[in-house]
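Colleague: Dropping a structure here in structure tokens format, bear with me for questions.
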Amino acid sequence: MTAPTTASTTAPLTGLRVLGLATLFAGPMAATLLGDFGAEVVKIEHPAKPDPSRGHGPSKDGVGLWWKMLGRNKRTMTLDLSRPGGRATLLRLAARTDVIIENFRPGTLEKWDLGWPELSAANPRLVLARVTGFGQFGPYAHRPGFGTLAEAMSGFAAITGEPDSPPTLPPFGLADSIAGLTTAYAVMTALAARERTGEGQVVDLALIEPILAALGPQPLWYDQLGHVQPRTGNRSPNNAPRGVYRTADGTWVAVSTSAQSVAERVMHLVGRPELIDEPWFASGAGRAAHADVLDEAVGGWIAARTRGDVLAAFEKAEAAVAPVQDVRDVMADPQYQALDTVTTVDDPELGPLRMQNVLFRLSATPGAIRWAGRPHGADTEQVLTELGLTPGDLTALRAEGAL
């Protein structure tokens with residue numbers, strides 16, 4: 001089975017060549033994002049140890065479903081980089097590649113004589129993105145690192161959950177996802193620099209850093225005021241009413257009043273306009289200090305109405321509200337449907353699949369999902385034949401255990 005050859009010539013990253021050496025999950029996600037907009041991505045996996053994401057989560061007919069999304073728009077090949085033949089083959093691939101994304105522990109590529117000196121010698125224009133738990137240097141650099149550790153170390157878990165409950169970790173790869181987005185941005189930044197200098201460079205991205213940036217001004221608050229943000233559950237220290245509220249039919253809605261005008265509209269809607277005249281109502285912090293009063297007013301009004309009635313009333317009042325949806329609701333949501341946020345991809349293994357579409361829409365050079373994740377090593381011969389290897393070369397690599 002060969003990979004489809006339907007890559008759009010109008011995609012903005014057409015012609016960009018990417019080698020994905022990374023596993024689980026930030027590095028592979030970055031490569032996926034580049035592939036979604038036309039980059040030619042080749043996913044390299046160990047011959048005997050495929051990317052563990054192939055086995056994460058539910059599967060159908062023995063095929064991992066997470067991989068179908070993470071591996072989309074990638075050709076797949078096997079290569080053991082620790083073997084001499086594998087090393088030599090990677091250097092040949094690197095010579096015609098724009099970007100390599102890897103997430104081995106620091107020193108691993110160097111142990112195989114595939115560090116930056118060797119890779120940049122093979123291709124001075126190469127961009128090497130190195131995604132690790134803690135970065136390439138420092139006291140933690142050689143520790144194993146996963147997103148969970150970043151979510152704990154960054155302060156995210158400490159501020160998540162109810163005040164009297166333990167710190168809460170997200171039930172999905174939050175730190176990895178943020179790092180994947182950041183890695184794609186970092187790669188594009190390095191490529192932009194290459195346009196000016198003609199030379200590639202190393203991207204050093206630590207999982208513990210992008211999530212810390214996403215948490216906002218907490219270090220600044222602590223530095224200047226000694227302020228440590230506590231756990232506040234669904235409440236915000238910056239505005240109120242804000243949270244989730246149960247409706248009469250047993251569902252939930254989320255309300256936000258980050259803007260003063262919206263907070264005032266909500267009070268008119270729920271029949272408590274007199275609260276607007278309270279001195280403390282004039283600022284978000286003042287309202288947050290009186291969240292009990294505001295939650296009682298808003299929560300009581302919502303509890304007496306069905307979710308449909310609540311949403312309709314808030315929309316009419318131009319107040320900010322959204323249903324708390326699970327994946328079943330997401331799949332049926334008319335706004336997501338209008339945006340084609342969850343799109344259908346035809347897959348030769350499993351048939352039609354529905355998955356998240358590309359992240360954003362470009363009016364002139366759109367991205368696309370050209371195919372879903374492919375079987376382990378499906379394109380090895382095709383990729384290496386394109387590289388110039390002969391059948392004899394492939395036989396020798398197999399005999400060595402490099403493929």
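Labeling convention for the structure tokens: chains A, B, ... as they appear, residues from 1 per chain, ligands from 1 in order of appearance.
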If DSSP is run on the backbone, what residues of segment 62-230 of chain A are helix (DSSP H, G or I)? A reply as an MDAnalysis selection string would be ideal.
Modeller: chainID A and resid 65:70 84:94 108:111 116:122 147:153 156:159 174:197 210:214 218:225
Colleague: Can you write out the residues you just picked, keeping C-alpha atoms, as a PDB file, in the first residue's frame?
Modeller:
ATOM      1  CA  LEU A  65      -7.400   5.221  16.720  1.00  0.00           C
ATOM      2  CA  TRP A  66      -5.263   7.941  18.324  1.00  0.00           C
ATOM      3  CA  TRP A  67      -2.532   7.152  15.822  1.00  0.00           C
ATOM      4  CA  LYS A  68      -4.971   7.694  12.945  1.00  0.00           C
ATOM      5  CA  MET A  69      -5.107  11.356  13.954  1.00  0.00           C
ATOM      6  CA  LEU A  70      -1.520  11.855  15.177  1.00  0.00           C
ATOM      7  CA  PRO A  84      25.692   1.932  11.415  1.00  0.00           C
ATOM      8  CA  GLY A  85      23.437   1.527   8.408  1.00  0.00           C
ATOM      9  CA  GLY A  86      20.642   3.359  10.145  1.00  0.00           C
ATOM     10  CA  ARG A  87      22.948   6.226  11.046  1.00  0.00           C
ATOM     11  CA  ALA A  88      24.270   6.502   7.503  1.00  0.00           C
ATOM     12  CA  THR A  89      20.757   6.406   6.072  1.00  0.00           C
ATOM     13  CA  LEU A  90      19.533   9.134   8.410  1.00  0.00           C
ATOM     14  CA  LEU A  91      22.425  11.374   7.359  1.00  0.00           C
ATOM     15  CA  ARG A  92      21.478  10.812   3.721  1.00  0.00           C
ATOM     16  CA  LEU A  93      17.883  11.713   4.544  1.00  0.00           C
ATOM     17  CA  ALA A  94      19.019  14.747   6.517  1.00  0.00           C
ATOM     18  CA  THR A 108      21.079  10.134  22.799  1.00  0.00           C
ATOM     19  CA  LEU A 109      21.609  11.395  19.251  1.00  0.00           C
ATOM     20  CA  GLU A 110      25.169  12.307  20.216  1.00  0.00           C
ATOM     21  CA  LYS A 111      25.725   8.754  21.436  1.00  0.00           C
ATOM     22  CA  TRP A 116      24.057  18.722  15.693  1.00  0.00           C
ATOM     23  CA  PRO A 117      27.657  18.792  14.395  1.00  0.00           C
ATOM     24  CA  GLU A 118      27.053  15.711  12.241  1.00  0.00           C
ATOM     25  CA  LEU A 119      23.558  16.697  11.101  1.00  0.00           C
ATOM     26  CA  SER A 120      24.457  20.283  10.264  1.00  0.00           C
ATOM     27  CA  ALA A 121      27.546  19.070   8.391  1.00  0.00           C
ATOM     28  CA  ALA A 122      25.247  16.907   6.278  1.00  0.00           C
ATOM     29  CA  GLY A 147       3.505  16.124  30.083  1.00  0.00           C
ATOM     30  CA  THR A 148       2.159  15.126  33.477  1.00  0.00           C
ATOM     31  CA  LEU A 149       5.367  16.308  35.113  1.00  0.00           C
ATOM     32  CA  ALA A 150       5.146  19.626  33.276  1.00  0.00           C
ATOM     33  CA  GLU A 151       1.546  20.081  34.379  1.00  0.00           C
ATOM     34  CA  ALA A 152       2.668  19.527  37.960  1.00  0.00           C
ATOM     35  CA  MET A 153       5.893  21.570  37.891  1.00  0.00           C
ATOM     36  CA  PHE A 156      -1.042  24.304  36.563  1.00  0.00           C
ATOM     37  CA  ALA A 157      -2.074  21.485  38.899  1.00  0.00           C
ATOM     38  CA  ALA A 158      -1.606  23.682  41.972  1.00  0.00           C
ATOM     39  CA  ILE A 159      -4.271  26.158  40.814  1.00  0.00           C
ATOM     40  CA  LEU A 174      -2.448  19.406  27.936  1.00  0.00           C
ATOM     41  CA  ALA A 175       1.259  20.173  28.320  1.00  0.00           C
ATOM     42  CA  ASP A 176       2.111  18.036  25.295  1.00  0.00           C
ATOM     43  CA  SER A 177      -0.506  19.773  23.184  1.00  0.00           C
ATOM     44  CA  ILE A 178       0.700  23.240  24.144  1.00  0.00           C
ATOM     45  CA  ALA A 179       4.286  22.146  23.476  1.00  0.00           C
ATOM     46  CA  GLY A 180       3.287  20.668  20.102  1.00  0.00           C
ATOM     47  CA  LEU A 181       1.734  23.949  19.027  1.00  0.00           C
ATOM     48  CA  THR A 182       4.781  25.832  20.297  1.00  0.00           C
ATOM     49  CA  THR A 183       7.202  23.517  18.513  1.00  0.00           C
ATOM     50  CA  ALA A 184       5.441  24.077  15.190  1.00  0.00           C
ATOM     51  CA  TYR A 185       5.672  27.839  15.784  1.00  0.00           C
ATOM     52  CA  ALA A 186       9.344  27.536  16.756  1.00  0.00           C
ATOM     53  CA  VAL A 187      10.123  25.555  13.609  1.00  0.00           C
ATOM     54  CA  MET A 188       8.439  28.145  11.406  1.00  0.00           C
ATOM     55  CA  THR A 189      10.364  30.895  13.223  1.00  0.00           C
ATOM     56  CA  ALA A 190      13.648  29.092  12.589  1.00  0.00           C
ATOM     57  CA  LEU A 191      12.725  28.609   8.943  1.00  0.00           C
ATOM     58  CA  ALA A 192      11.955  32.320   8.640  1.00  0.00           C
ATOM     59  CA  ALA A 193      15.397  33.087  10.066  1.00  0.00           C
ATOM     60  CA  ARG A 194      16.917  30.677   7.543  1.00  0.00           C
ATOM     61  CA  GLU A 195      15.426  32.752   4.739  1.00  0.00           C
ATOM     62  CA  ARG A 196      17.631  35.641   5.895  1.00  0.00           C
ATOM     63  CA  THR A 197      20.775  33.804   6.961  1.00  0.00           C
ATOM     64  CA  PRO A 210       5.155  26.550  27.098  1.00  0.00           C
ATOM     65  CA  ILE A 211       2.555  25.553  29.697  1.00  0.00           C
ATOM     66  CA  LEU A 212       4.108  28.013  32.137  1.00  0.00           C
ATOM     67  CA  ALA A 213       3.733  30.742  29.508  1.00  0.00           C
ATOM     68  CA  ALA A 214       0.086  29.752  29.051  1.00  0.00           C
ATOM     69  CA  GLN A 218       1.742  34.289  37.881  1.00  0.00           C
ATOM     70  CA  PRO A 219       5.559  34.716  38.130  1.00  0.00           C
ATOM     71  CA  LEU A 220       5.131  38.465  37.691  1.00  0.00           C
ATOM     72  CA  TRP A 221       2.465  38.618  40.408  1.00  0.00           C
ATOM     73  CA  TYR A 222       4.700  36.677  42.777  1.00  0.00           C
ATOM     74  CA  ASP A 223       7.778  38.727  41.909  1.00  0.00           C
ATOM     75  CA  GLN A 224       6.097  42.063  42.480  1.00  0.00           C
ATOM     76  CA  LEU A 225       3.469  41.285  45.111  1.00  0.00           C
TER      77      LEU A 225
END
Colleague: If DSSP is run on the backbone, what residues of segment 242-302 of chain A are strand (DSSP E or B)? A reply as a PyMOL selection string would be ideal.
Modeller: chain A and resi 243-246+252-255
Colleague: So which one's closest to Val324 of chain A, A:Ala263, A:Ala282, A:Ala368, A:Val255? Using only C-alpha atoms, please.
Modeller: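 The answer is A:Val255, which sits nearest to Val324 of chain A.
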Colleague: So that I can see what lies close to segment 294-309 of chain A, please list as a PyMOL selection string the residues with an atom at most 6 Å from it, counting only C-alpha atoms and leaving out residues fewer than 5 positions away in the same chain.
Modeller: chain A and resi 241+245-249+270
Colleague: Using only C-alpha atoms, which protein or nucleic acid residues come within 8 Å of segment 78-80 of chain A? Drop anything in the same chain fewer than 4 positions from it, and give the result as a list in words.
Modeller: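 In the requested form, the answer reads Ile44, Glu45, His46, Pro47, Gly86, Arg87, His376, Gly377, Thr380, Gly401, Ala402 and Leu403 of chain A.
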Colleague: Looking at A:Thr168, A:Val63, A:Val266, A:Gln136, which one is nearest to Glu349 of chain A, with distances taken over only C-alpha atoms?
Modeller: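 So, comparing all the options, the nearest one is A:Val63.
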